[in-house]
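**Q** Quick one: this structure, given as structure tokens, is what I'll be asking you about.
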There are 2 protein chains.
Amino acid sequence: MKENHAITIRDIAKKAGVSQATISKILNDYPDVSQKTKERVFRIMEEAGYRPSHSARTLAQKTSKLIGVVYAGRINADFDHPFFIEVLNAFKRTIGMHGYDLLFFSDETFQKEENFYARCLYYKVDGCIIIAGEDVQQSIEDLTKSEIPCIGVDIQLDGPKSGYVMTDNKKISQSVVDYFYLQGHRDIAYIGGANESAVSNIRLKGFRESIHEYGLTLRPEWVIEGDFFEQSGYEAGLSLFKGNAQKPTAVFSSSDLMAFGFMRAMQELGVSIPGDVSLVGCDDQLAARYVQPPLTTVRQNKEKIGRLAALMLLDFIAGRASTARILVEPELIGRETTASLLL
Amino acid sequence: MKENHAITIRDIAKKAGVSQATISKILNDYPDVSQKTKERVFRIMEEAGYRPSHSARTLAQKTSKLIGVVYAGRINADFDHPFFIEVLNAFKRTIGMHGYDLLFFSDETFQKEENFYARCLYYKVDGCIIIAGEDVQQSIEDLTKSEIPCIGVDIQLDGPKSGYVMTDNKKISQSVVDYFYLQGHRDIAYIGGANESAVSNIRLKGFRESIHEYGLTLRPEWVIEGDFFEQSGYEAGLSLFKGNAQKPTAVFSSSDLMAFGFMRAMQELGVSIPGDVSLVGCDDQLAARYVQPPLTTVRQNKEKIGRLAALMLLDFIAGRASTARILVEPELIGRETTASLLL
DNA sequence: CTGAAAGCGCTTACAG
DNA sequence: CTGAAAGCGCTTACAG
């Protein structure tokens with residue numbers, strides 16, 4: 001019972017009077033070990049307080065049962081992005097059921113030139129989940145092009161063993177335009193997210209297309225570029241409603257935060273929501289339920305995205321699939337910032 | 001350049017015409033290697049695309065440069081608890097600057113009887129951060145009592161190499177009672193969190209003590225037990241304001257979510273906030289700024305808690321300290337759900 | 001400043 | 001059903 005030397009498979013083998021190989025087989029659920037030996041060995045391991053070693057196992061097996069979590073891109077790049085969190089949460093649960101743990105790579109910025117691919121090799125991760133922020137850096141390129149299975153969330157990966165899952169962002173805009181149209185709105189403005197964001201650009205494109213499909217015209221000054229945060233929505237509101245120019249009757253803000261800012265601007269200007277202008281946000285953050293009036297918004301199915309990401313990655317790892325591109329349906333949540341013009 | 005066999009230290013040694021030991025020393029920044037050799041070796045590693053192996057290194061060194069993240073307890077036990085996220089975020093940044101990566105243990109529930117301590121030994125983590133939820137399970141006991149350095153957040157750990165950092169929860173209640181008192185409130189009610197939560201109990205105790213210190217009386221029916229979530233705040237509001245019993249002029253809700261629920265109840269009952277009753281929440285969630293009226297609440301310094309946790313854990317690991325108990329000051333954020341009775 | 005050798009704790013063919 | 005032996009890729013005294 002000397003404590004300075006970890007108890008190894010060797011010690012157990014000796015005590016049980018069998019070979020190391022047998023112990024290893026028992027540990028790895030090989031079928032060809034007699035039940036009797038198995039039970040004896042388990043008892044001995046228990047008594048001795050045996051603990052296997054991940055590093056020894058990984059070194060020998062060349063697989064770590066670890067999934068790397070990579071957050072690509074700038075800003076929001078932290079854990080506190082609510083979308084990121086919820087997706088990852090569902091991902092973790094699913095992947096955990098299959099015996100994998102999650103390895104978070106600390107921000108590269110603090111490391112000397114190391115790239116993600118190198119770190120994946122270093123840890124021998126079995127796969128990676130890559131979640132996109134804005135302005136995705138070049139350094140993840142190596143990773144996605146490699147033989148390491150990768151699943152992207154909100155980022156279109158296409159390497160030999162990678163795929164992605166994201167909300168159908170085009171449909172987000174379409175559903176909002178549909179919704180507004182059915183309420184009688186014809187003058188619809190758009191407040192966009194940061195244009196380094198791929199997702200943001202898809203939404204804008206979808207918006208333009210929908211407007212066209214309905215044969216509506218889109219004034220250039222009704223497409224405003226924000227940055228997803230509150231202040232930019234406030235400023236967008238001012239620029240849309242302050243002057244004497246024609247005003248839209250409906251506004252789609254591609255984030256809830258910007259919608260909150262827009263509401264603040266309207267309040268200052270004495271413009272009533274939804275009396276004078278209807279507003280739809282995007283994200284369905286908790287606060288969307290509590291603003292006054294409660295915000296109509298579009299919700300992404302984060303739980304589903306996370307679960308799908310996990311399942312797809314597991315398929316890549318198992319070789320059951322080598323690629324997949326999945327779009328998940330968004331859902332419009334009607335609340336009280338929108339009103340029909342048709343009554 | 002055969003791709004099926006990883007390039008090892010051996011290959012590099014051979015190409016450079018030196019021993020493996022020398023390569024290892026270079027990799028580990030030993031001082032006693034000639035600059036010339038160093039440069040040559042680095043060039044060769046670069047050309048060959050050499051990648052070190054974490055498992056081999058960990059096996060030999062018995063230290064992994066990994067920090068385990070353990071979420072103890074039930075519910076909220078997920079990533080989406082906003083407090084958890086922000087603390088962890090600051091923690092990760094700090095720890096990352098010191099070359100550590102984070103290992104998240106997938107929920108035990110899905111594993112067969114494995115406890116956290118076993119997993120820490122398995123991965124040979126250098127330390128752990130343990131974040132408390134409610135109803136902390138026995139299984140982390142082994143871990144905190146062990147020789148593995150542990151830092152607790154919102155949970156009082158005391159093992160040979162552990163400590164904790166949390167907000168001074170007693171002071172949260174004190175500061176709220178002070179604030180109410182100075183505004184002229186004498187009839188103050190309290191909506192508590194789940195009573196399996198240690199933090200929640202400290203807050204309640206602090207509340208009772210403060211009330212006593214001011215010589216005020218606390219009616220038993222003015223202390224209501226909630227569960228931190230919205231609905232329980234709503235119900236607390238109803239039970240406080242529906243009957244004919246005497247009503248408090250001020251309410252401290254120990255979570256923002258419950259405060260939102262309370263506001264909903266008041267709205268239904270036609271009770272004005274802050275006209276008829278003042279309200280203070282706790283957490284300063286994003287939504288607190290957007291409810292109508294904006295919620296006065298108490299903010300924890302999550303950034304500081306996370307940074308301190310990281311620094312303390314690093315000290316434990318380095319042997320510069322073996323224990324520490326730190327309480328961080330809360331901050332009351334005055335907004336518009338509170339009004340003075342003295343004017 | 002450099003190297004030979006043993007060892008870290010497992011797994012994997014292979015033989016029996 | 002079981003075992004002997006080599007190997008995974010590094011580090012660590014120790015000797016020179």
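Chain lettering (A, B, ...) mirrors the order of the structure tokens, residue numbering begins at 1 for each chain separately, and ligand numbering begins at 1 in order of display.
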Determine, using only C-alpha atoms (C1' of nucleotides), which residues of chain C have any atom at most 10 Å from an atom of chain A, and tabulate each with its shortest atom pair and distance in Å to one decimal place, rows ordered by chain and then rising number, as CSV.

**A**
```
residue,atom,partner,partner_atom,distance
C:DC8,C1',A:Ala56,CA,7.9
C:DG9,C1',A:Ala56,CA,5.0
C:DC10,C1',A:Ala56,CA,4.7
C:DT11,C1',A:Ala60,CA,5.5
C:DT12,C1',A:Ala60,CA,8.7
```

**Q** Got time to write the residues from that selection, all heavy atoms, as a JSON list (two decimals), in the first residue's frame?

**A**
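The resulting file, part_12.json, is reproduced below:
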```
[["chain", "number", "residue", "atom", "x", "y", "z"],
["C", 8, "DC", "P", 8.35, 2.75, -13.74],
["C", 8, "DC", "OP1", 8.47, 2.67, -12.27],
["C", 8, "DC", "OP2", 8.07, 1.53, -14.52],
["C", 8, "DC", "O5'", 7.22, 3.79, -14.09],
["C", 8, "DC", "C5'", 7.39, 5.20, -13.93],
["C", 8, "DC", "C4'", 6.45, 5.89, -14.87],
["C", 8, "DC", "O4'", 7.08, 6.00, -16.15],
["C", 8, "DC", "C3'", 5.19, 5.06, -15.12],
["C", 8, "DC", "O3'", 4.18, 5.49, -14.21],
["C", 8, "DC", "C2'", 4.80, 5.43, -16.56],
["C", 8, "DC", "C1'", 6.08, 6.01, -17.16],
["C", 8, "DC", "N1", 6.67, 5.27, -18.31],
["C", 8, "DC", "C2", 6.89, 5.96, -19.50],
["C", 8, "DC", "O2", 6.58, 7.15, -19.58],
["C", 8, "DC", "N3", 7.44, 5.28, -20.55],
["C", 8, "DC", "C4", 7.75, 3.99, -20.42],
["C", 8, "DC", "N4", 8.29, 3.38, -21.47],
["C", 8, "DC", "C5", 7.54, 3.29, -19.20],
["C", 8, "DC", "C6", 7.00, 3.96, -18.18],
["C", 9, "DG", "P", 3.46, 4.37, -13.29],
["C", 9, "DG", "OP1", 2.76, 5.10, -12.22],
["C", 9, "DG", "OP2", 4.39, 3.27, -12.99],
["C", 9, "DG", "O5'", 2.36, 3.79, -14.30],
["C", 9, "DG", "C5'", 1.39, 4.68, -14.84],
["C", 9, "DG", "C4'", 0.67, 3.99, -15.95],
["C", 9, "DG", "O4'", 1.58, 3.72, -17.03],
["C", 9, "DG", "C3'", 0.07, 2.63, -15.57],
["C", 9, "DG", "O3'", -1.23, 2.60, -16.10],
["C", 9, "DG", "C2'", 0.98, 1.63, -16.27],
["C", 9, "DG", "C1'", 1.35, 2.43, -17.52],
["C", 9, "DG", "N9", 2.55, 1.99, -18.19],
["C", 9, "DG", "C8", 3.67, 1.42, -17.63],
["C", 9, "DG", "N7", 4.60, 1.14, -18.52],
["C", 9, "DG", "C5", 4.06, 1.55, -19.72],
["C", 9, "DG", "C6", 4.61, 1.49, -21.04],
["C", 9, "DG", "O6", 5.70, 1.06, -21.40],
["C", 9, "DG", "N1", 3.73, 2.02, -21.98],
["C", 9, "DG", "C2", 2.49, 2.53, -21.70],
["C", 9, "DG", "N2", 1.79, 3.00, -22.74],
["C", 9, "DG", "N3", 1.96, 2.59, -20.48],
["C", 9, "DG", "C4", 2.80, 2.08, -19.54],
["C", 10, "DC", "P", -2.31, 1.57, -15.74],
["C", 10, "DC", "OP1", -3.30, 2.19, -14.87],
["C", 10, "DC", "OP2", -1.68, 0.30, -15.34],
["C", 10, "DC", "O5'", -3.01, 1.47, -17.11],
["C", 10, "DC", "C5'", -3.10, 0.56, -17.99],
["C", 10, "DC", "C4'", -2.80, 1.04, -19.39],
["C", 10, "DC", "O4'", -1.38, 1.16, -19.52],
["C", 10, "DC", "C3'", -3.23, 0.00, -20.40],
["C", 10, "DC", "O3'", -4.46, 0.41, -20.98],
["C", 10, "DC", "C2'", -2.14, -0.02, -21.44],
["C", 10, "DC", "C1'", -0.98, 0.74, -20.81],
["C", 10, "DC", "N1", 0.23, -0.10, -20.66],
["C", 10, "DC", "C2", 1.00, -0.33, -21.80],
["C", 10, "DC", "O2", 0.64, 0.16, -22.88],
["C", 10, "DC", "N3", 2.12, -1.08, -21.69],
["C", 10, "DC", "C4", 2.48, -1.58, -20.50],
["C", 10, "DC", "N4", 3.60, -2.30, -20.43],
["C", 10, "DC", "C5", 1.69, -1.37, -19.33],
["C", 10, "DC", "C6", 0.58, -0.63, -19.45],
["C", 11, "DT", "P", -5.34, -0.68, -21.74],
["C", 11, "DT", "OP1", -6.62, -0.04, -22.08],
["C", 11, "DT", "OP2", -5.29, -1.94, -20.98],
["C", 11, "DT", "O5'", -4.52, -0.92, -23.10],
["C", 11, "DT", "C5'", -4.44, 0.12, -24.05],
["C", 11, "DT", "C4'", -3.78, -0.42, -25.29],
["C", 11, "DT", "O4'", -2.45, -0.93, -24.99],
["C", 11, "DT", "C3'", -4.53, -1.58, -25.98],
["C", 11, "DT", "O3'", -4.45, -1.31, -27.37],
["C", 11, "DT", "C2'", -3.74, -2.82, -25.57],
["C", 11, "DT", "C1'", -2.32, -2.25, -25.49],
["C", 11, "DT", "N1", -1.35, -2.92, -24.58],
["C", 11, "DT", "C2", -0.14, -3.31, -25.08],
["C", 11, "DT", "O2", 0.18, -3.17, -26.24],
["C", 11, "DT", "N3", 0.72, -3.87, -24.15],
["C", 11, "DT", "C4", 0.48, -4.07, -22.81],
["C", 11, "DT", "O4", 1.32, -4.56, -22.08],
["C", 11, "DT", "C5", -0.83, -3.65, -22.34],
["C", 11, "DT", "C7", -1.18, -3.82, -20.91],
["C", 11, "DT", "C6", -1.67, -3.10, -23.23],
["C", 12, "DT", "P", -5.41, -2.01, -28.38],
["C", 12, "DT", "OP1", -6.16, -0.96, -29.10],
["C", 12, "DT", "OP2", -6.12, -3.09, -27.67],
["C", 12, "DT", "O5'", -4.39, -2.66, -29.39],
["C", 12, "DT", "C5'", -3.05, -2.18, -29.43],
["C", 12, "DT", "C4'", -2.19, -3.21, -30.12],
["C", 12, "DT", "O4'", -1.37, -3.91, -29.15],
["C", 12, "DT", "C3'", -2.95, -4.30, -30.87],
["C", 12, "DT", "O3'", -2.19, -4.61, -32.04],
["C", 12, "DT", "C2'", -2.96, -5.46, -29.90],
["C", 12, "DT", "C1'", -1.59, -5.30, -29.24],
["C", 12, "DT", "N1", -1.44, -5.82, -27.86],
["C", 12, "DT", "C2", -0.19, -6.23, -27.46],
["C", 12, "DT", "O2", 0.78, -6.21, -28.18],
["C", 12, "DT", "N3", -0.12, -6.67, -26.16],
["C", 12, "DT", "C4", -1.16, -6.73, -25.25],
["C", 12, "DT", "O4", -0.98, -7.13, -24.11],
["C", 12, "DT", "C5", -2.44, -6.28, -25.75],
["C", 12, "DT", "C7", -3.62, -6.31, -24.82],
["C", 12, "DT", "C6", -2.52, -5.86, -27.00]]
```

**Q** Which polymer residues have any atom within 12 Å of an atom of region 1-3 of chain D, counting only C-alpha atoms (C1' of nucleotides), with same-chain residues fewer than 6 positions away left out, as a PyMOL selection string?

**A** (chain A and resi 13+17-23+25+30-38) or (chain C and resi 14-16)

**Q** What lies within 7 Å of Asp256 (chain B) using only C-alpha atoms (C1' of nucleotides), ignoring chain neighbours under 4 positions off, as a PyMOL selection string?

**A** chain B and resi 260+281-285+288

**Q** Hey, what's within 10 Å of Phe42 (chain A) if we count only C-alpha atoms (C1' of nucleotides) and toss same-chain stuff fewer than 2 positions away? As number ranges by chain, please?

**A** A: 12, 16, 23, 26-27, 37-40, 44-48, 50

**Q** Pull out every residue of chain B that has at least one atom within 7 Å of chain A, counting only C-alpha atoms, and report them as a short mmCIF file (atom, residue, chain, number, x, y, z; two decimals) with all heavy atoms, in the first residue's frame.

**A**
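Resulting contents of out.cif:
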```
data_model
loop_
_atom_site.label_atom_id
_atom_site.label_comp_id
_atom_site.auth_asym_id
_atom_site.auth_seq_id
_atom_site.Cartn_x
_atom_site.Cartn_y
_atom_site.Cartn_z
N ARG B 51 5.22 17.04 -33.99
CA ARG B 51 4.19 17.40 -33.01
C ARG B 51 4.42 16.63 -31.73
O ARG B 51 4.45 15.38 -31.78
CB ARG B 51 2.81 17.00 -33.51
CG ARG B 51 2.45 17.48 -34.86
CD ARG B 51 2.27 18.95 -34.86
NE ARG B 51 1.80 19.40 -36.16
CZ ARG B 51 1.66 20.67 -36.46
NH1 ARG B 51 2.00 21.60 -35.59
NH2 ARG B 51 1.21 21.02 -37.64
N PRO B 52 4.57 17.29 -30.64
CA PRO B 52 4.75 16.55 -29.39
C PRO B 52 3.47 15.80 -29.02
O PRO B 52 2.42 16.04 -29.57
CB PRO B 52 5.04 17.65 -28.37
CG PRO B 52 4.52 18.90 -28.97
CD PRO B 52 4.58 18.73 -30.46
N SER B 53 3.61 14.88 -28.11
CA SER B 53 2.47 14.09 -27.68
C SER B 53 2.16 14.33 -26.20
O SER B 53 2.99 14.09 -25.33
CB SER B 53 2.76 12.61 -27.88
OG SER B 53 1.96 11.83 -27.02
N HIS B 54 0.97 14.81 -25.99
CA HIS B 54 0.56 15.10 -24.61
C HIS B 54 0.56 13.86 -23.74
O HIS B 54 0.99 13.89 -22.59
CB HIS B 54 -0.84 15.72 -24.62
CG HIS B 54 -1.40 15.97 -23.26
ND1 HIS B 54 -2.36 15.17 -22.70
CD2 HIS B 54 -1.12 16.92 -22.35
CE1 HIS B 54 -2.65 15.64 -21.49
NE2 HIS B 54 -1.92 16.69 -21.25
N SER B 55 0.11 12.76 -24.30
CA SER B 55 0.00 11.56 -23.46
C SER B 55 1.37 11.02 -23.06
O SER B 55 1.59 10.64 -21.92
CB SER B 55 -0.83 10.49 -24.15
OG SER B 55 -0.36 10.27 -25.47
N ALA B 56 2.29 11.05 -24.00
CA ALA B 56 3.63 10.55 -23.67
C ALA B 56 4.27 11.43 -22.60
O ALA B 56 4.87 10.96 -21.64
CB ALA B 56 4.50 10.52 -24.92
N THR B 58 2.71 13.35 -20.45
CA THR B 58 2.00 13.22 -19.18
C THR B 58 2.40 11.93 -18.49
O THR B 58 2.59 11.89 -17.28
CB THR B 58 0.48 13.24 -19.42
OG1 THR B 58 0.12 14.48 -20.02
CG2 THR B 58 -0.28 13.08 -18.12
N LEU B 59 2.52 10.90 -19.28
CA LEU B 59 2.90 9.60 -18.71
C LEU B 59 4.26 9.69 -18.02
O LEU B 59 4.45 9.19 -16.92
CB LEU B 59 2.92 8.55 -19.82
CG LEU B 59 3.18 7.11 -19.38
CD1 LEU B 59 2.14 6.67 -18.36
CD2 LEU B 59 3.16 6.19 -20.59
N ASP B 78 -26.06 23.07 -15.62
CA ASP B 78 -25.62 23.11 -16.99
C ASP B 78 -24.86 24.38 -17.29
O ASP B 78 -24.70 25.24 -16.44
CB ASP B 78 -26.83 22.99 -17.89
CG ASP B 78 -27.29 21.56 -17.96
OD1 ASP B 78 -26.46 20.68 -17.66
OD2 ASP B 78 -28.44 21.32 -18.31
N PHE B 79 -24.38 24.43 -18.48
CA PHE B 79 -23.61 25.59 -18.88
C PHE B 79 -24.42 26.87 -18.88
O PHE B 79 -23.87 27.94 -18.92
CB PHE B 79 -23.11 25.40 -20.31
CG PHE B 79 -21.99 24.44 -20.41
CD1 PHE B 79 -22.04 23.42 -21.33
CD2 PHE B 79 -20.87 24.57 -19.62
CE1 PHE B 79 -21.00 22.54 -21.46
CE2 PHE B 79 -19.82 23.69 -19.74
CZ PHE B 79 -19.88 22.67 -20.67
N ASP B 80 -25.74 26.75 -18.88
CA ASP B 80 -26.48 27.97 -19.16
C ASP B 80 -26.77 28.82 -17.94
O ASP B 80 -27.44 29.82 -18.02
CB ASP B 80 -27.76 27.68 -19.93
CG ASP B 80 -28.56 26.59 -19.27
OD1 ASP B 80 -28.21 26.23 -18.13
OD2 ASP B 80 -29.50 26.09 -19.89
N ILE B 85 -21.19 30.67 -16.13
CA ILE B 85 -20.51 31.00 -17.37
C ILE B 85 -19.52 32.12 -17.22
O ILE B 85 -18.39 32.02 -17.67
CB ILE B 85 -21.54 31.47 -18.42
CG1 ILE B 85 -22.57 30.42 -18.68
CG2 ILE B 85 -20.84 31.88 -19.70
CD1 ILE B 85 -21.99 29.11 -18.99
N GLU B 86 -19.96 33.18 -16.62
CA GLU B 86 -19.08 34.34 -16.56
C GLU B 86 -17.89 34.10 -15.66
O GLU B 86 -16.78 34.53 -15.94
CB GLU B 86 -19.87 35.57 -16.12
CG GLU B 86 -20.86 35.97 -17.20
CD GLU B 86 -21.54 37.29 -16.89
OE1 GLU B 86 -20.87 38.23 -16.43
OE2 GLU B 86 -22.77 37.38 -17.09
N ASN B 89 -15.51 31.84 -17.48
CA ASN B 89 -14.89 32.57 -18.56
C ASN B 89 -13.64 33.31 -18.09
O ASN B 89 -12.56 33.20 -18.70
CB ASN B 89 -15.92 33.58 -19.04
CG ASN B 89 -15.76 33.84 -20.48
OD1 ASN B 89 -14.83 33.33 -21.09
ND2 ASN B 89 -16.64 34.63 -21.03
N LYS B 92 -10.97 30.76 -17.15
CA LYS B 92 -10.31 30.18 -18.32
C LYS B 92 -9.25 31.11 -18.90
O LYS B 92 -8.16 30.68 -19.27
CB LYS B 92 -11.38 29.86 -19.37
CG LYS B 92 -10.88 29.59 -20.79
CD LYS B 92 -11.99 29.02 -21.66
CE LYS B 92 -11.72 29.14 -23.14
NZ LYS B 92 -11.95 30.49 -23.67
N ARG B 93 -9.58 32.37 -18.99
CA ARG B 93 -8.62 33.32 -19.52
C ARG B 93 -7.35 33.34 -18.69
O ARG B 93 -6.24 33.27 -19.22
CB ARG B 93 -9.22 34.73 -19.52
CG ARG B 93 -9.78 35.16 -20.86
CD ARG B 93 -9.98 36.65 -20.90
NE ARG B 93 -10.83 37.13 -19.81
CZ ARG B 93 -12.15 37.16 -19.84
NH1 ARG B 93 -12.80 36.78 -20.93
NH2 ARG B 93 -12.84 37.60 -18.81
N GLY B 96 -5.46 30.05 -18.81
CA GLY B 96 -4.90 29.87 -20.15
C GLY B 96 -3.57 30.58 -20.31
O GLY B 96 -2.68 30.10 -21.00
N MET B 97 -3.46 31.72 -19.67
CA MET B 97 -2.22 32.47 -19.78
C MET B 97 -1.07 31.73 -19.12
O MET B 97 0.09 32.02 -19.36
CB MET B 97 -2.39 33.84 -19.11
CG MET B 97 -3.33 34.73 -19.89
SD MET B 97 -3.81 36.21 -18.98
CE MET B 97 -2.21 36.92 -18.66
N ASP B 101 -5.04 23.97 -20.08
CA ASP B 101 -6.30 23.85 -20.79
C ASP B 101 -7.33 23.26 -19.83
O ASP B 101 -6.99 22.73 -18.77
CB ASP B 101 -6.14 22.97 -22.04
CG ASP B 101 -5.48 23.73 -23.18
OD1 ASP B 101 -5.89 24.86 -23.47
OD2 ASP B 101 -4.53 23.18 -23.78
N LEU B 102 -8.58 23.36 -20.25
CA LEU B 102 -9.68 22.97 -19.36
C LEU B 102 -10.32 21.68 -19.82
O LEU B 102 -10.64 21.51 -20.99
CB LEU B 102 -10.74 24.07 -19.42
CG LEU B 102 -10.92 24.99 -18.22
CD1 LEU B 102 -9.60 25.37 -17.62
CD2 LEU B 102 -11.72 26.21 -18.63
N LEU B 103 -10.53 20.79 -18.89
CA LEU B 103 -11.19 19.53 -19.19
C LEU B 103 -12.55 19.51 -18.51
O LEU B 103 -12.62 19.63 -17.29
CB LEU B 103 -10.32 18.39 -18.68
CG LEU B 103 -10.74 16.99 -19.04
CD1 LEU B 103 -10.72 16.79 -20.53
CD2 LEU B 103 -9.81 16.00 -18.37
N PHE B 104 -13.60 19.37 -19.30
CA PHE B 104 -14.93 19.33 -18.72
C PHE B 104 -15.35 17.90 -18.54
O PHE B 104 -15.40 17.15 -19.50
CB PHE B 104 -15.95 19.98 -19.66
CG PHE B 104 -16.03 21.44 -19.48
CD1 PHE B 104 -14.94 22.23 -19.76
CD2 PHE B 104 -17.18 22.03 -19.03
CE1 PHE B 104 -15.00 23.60 -19.59
CE2 PHE B 104 -17.25 23.38 -18.86
CZ PHE B 104 -16.17 24.18 -19.14
N PHE B 105 -15.71 17.56 -17.35
CA PHE B 105 -16.21 16.21 -17.15
C PHE B 105 -17.67 16.15 -17.54
O PHE B 105 -18.47 16.92 -17.05
CB PHE B 105 -16.01 15.78 -15.71
CG PHE B 105 -14.56 15.69 -15.35
CD1 PHE B 105 -14.07 16.30 -14.23
CD2 PHE B 105 -13.68 15.01 -16.18
CE1 PHE B 105 -12.72 16.22 -13.91
CE2 PHE B 105 -12.33 14.93 -15.86
CZ PHE B 105 -11.85 15.54 -14.73
N SER B 106 -17.96 15.26 -18.43
CA SER B 106 -19.35 15.07 -18.82
C SER B 106 -20.11 14.55 -17.62
O SER B 106 -19.54 13.92 -16.72
CB SER B 106 -19.45 14.09 -19.98
OG SER B 106 -18.80 14.64 -21.10
N ASP B 107 -21.40 14.80 -17.63
CA ASP B 107 -22.20 14.45 -16.46
C ASP B 107 -22.01 13.02 -16.04
O ASP B 107 -22.10 12.09 -16.82
CB ASP B 107 -23.68 14.67 -16.74
CG ASP B 107 -23.98 16.14 -16.75
OD1 ASP B 107 -23.08 16.91 -17.10
OD2 ASP B 107 -25.10 16.51 -16.39
N PHE B 110 -24.34 9.68 -16.55
CA PHE B 110 -24.31 8.76 -17.66
C PHE B 110 -23.18 7.74 -17.53
O PHE B 110 -23.07 6.82 -18.30
CB PHE B 110 -24.18 9.52 -18.96
CG PHE B 110 -25.26 10.53 -19.13
CD1 PHE B 110 -24.97 11.88 -19.24
CD2 PHE B 110 -26.59 10.13 -19.14
CE1 PHE B 110 -25.99 12.81 -19.37
CE2 PHE B 110 -27.61 11.05 -19.27
CZ PHE B 110 -27.30 12.39 -19.38
N ALA B 118 -11.91 9.83 -9.17
CA ALA B 118 -11.36 8.81 -10.06
C ALA B 118 -11.00 9.41 -11.42
O ALA B 118 -9.95 9.11 -11.99
CB ALA B 118 -12.36 7.68 -10.23
N LEU B 121 -7.84 11.44 -11.29
CA LEU B 121 -6.65 10.60 -11.29
C LEU B 121 -6.44 10.02 -12.68
O LEU B 121 -5.31 9.92 -13.16
CB LEU B 121 -6.80 9.47 -10.27
CG LEU B 121 -6.83 9.91 -8.81
CD1 LEU B 121 -7.04 8.71 -7.91
CD2 LEU B 121 -5.54 10.63 -8.44
N TYR B 122 -7.51 9.65 -13.28
CA TYR B 122 -7.44 9.07 -14.62
C TYR B 122 -6.74 10.04 -15.59
O TYR B 122 -5.82 9.66 -16.30
CB TYR B 122 -8.87 8.78 -15.09
CG TYR B 122 -8.99 8.23 -16.48
CD1 TYR B 122 -8.28 7.10 -16.88
CD2 TYR B 122 -9.85 8.83 -17.40
CE1 TYR B 122 -8.42 6.60 -18.16
CE2 TYR B 122 -10.00 8.33 -18.67
CZ TYR B 122 -9.28 7.22 -19.06
OH TYR B 122 -9.43 6.73 -20.33
N TYR B 123 -7.16 11.27 -15.53
CA TYR B 123 -6.58 12.27 -16.43
C TYR B 123 -5.35 12.96 -15.86
O TYR B 123 -4.73 13.77 -16.53
CB TYR B 123 -7.62 13.34 -16.76
CG TYR B 123 -8.68 12.88 -17.74
CD1 TYR B 123 -10.00 12.71 -17.33
CD2 TYR B 123 -8.36 12.63 -19.06
CE1 TYR B 123 -10.97 12.31 -18.22
CE2 TYR B 123 -9.33 12.22 -19.96
CZ TYR B 123 -10.64 12.06 -19.54
OH TYR B 123 -11.60 11.65 -20.43
N LEU B 286 -29.02 40.14 -17.65
CA LEU B 286 -29.26 41.09 -18.73
C LEU B 286 -30.69 41.63 -18.70
O LEU B 286 -30.95 42.83 -18.84
CB LEU B 286 -29.00 40.41 -20.08
CG LEU B 286 -29.24 41.27 -21.32
CD1 LEU B 286 -28.22 42.39 -21.40
CD2 LEU B 286 -29.22 40.42 -22.58
N ALA B 287 -31.63 40.72 -18.51
CA ALA B 287 -33.04 41.10 -18.57
C ALA B 287 -33.41 42.12 -17.50
O ALA B 287 -34.37 42.86 -17.65
CB ALA B 287 -33.93 39.87 -18.45
N TYR B 290 -33.95 45.40 -18.78
CA TYR B 290 -34.98 45.61 -19.79
C TYR B 290 -36.40 45.42 -19.29
O TYR B 290 -37.34 45.71 -20.00
CB TYR B 290 -34.71 44.69 -20.99
CG TYR B 290 -33.44 45.06 -21.69
CD1 TYR B 290 -32.36 44.20 -21.72
CD2 TYR B 290 -33.33 46.30 -22.31
CE1 TYR B 290 -31.18 44.55 -22.36
CE2 TYR B 290 -32.15 46.66 -22.95
CZ TYR B 290 -31.09 45.79 -22.98
OH TYR B 290 -29.94 46.14 -23.60
N VAL B 291 -36.56 44.89 -18.10
CA VAL B 291 -37.92 44.81 -17.59
C VAL B 291 -38.41 46.22 -17.33
O VAL B 291 -37.64 47.18 -17.26
CB VAL B 291 -38.01 44.01 -16.26
CG1 VAL B 291 -37.91 42.54 -16.53
CG2 VAL B 291 -36.97 44.47 -15.27
N GLN B 292 -39.71 46.34 -17.18
CA GLN B 292 -40.33 47.66 -16.95
C GLN B 292 -41.01 47.67 -15.60
O GLN B 292 -41.93 46.91 -15.40
CB GLN B 292 -41.33 47.93 -18.08
CG GLN B 292 -41.30 49.32 -18.69
CD GLN B 292 -39.98 50.06 -18.61
OE1 GLN B 292 -39.77 50.81 -17.66
NE2 GLN B 292 -39.10 49.86 -19.58
#
```

**Q** Using Å and a single decimal, report how far CA of Ala132 (chain B) sits from CA of Phe229 (chain B).

**A**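 Interatomic distance here is 17.1 Å.
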
**Q** Could you name the residues that touch Glu331 (chain B) at 7 Å or less, counting only C-alpha atoms (C1' of nucleotides), but leaving out those on the same chain fewer than 3 positions away, as an NGL selection string?

**A** :B and (298-300)

**Q** One number please: CA of Lys145 (chain B) to CA of Asp168 (chain B), in Å, one decimal.

**A**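 Atom-to-atom, CA of Lys145 (chain B) and CA of Asp168 (chain B) are spaced 23.9 Å apart.
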
**Q** Rounded to one decimal place, report the CA of Gln138 (chain A)-CA of Ala194 (chain A) distance in Å.

**A**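 For CA of Gln138 (chain A) relative to CA of Ala194 (chain A), the distance reads 18.5 Å.
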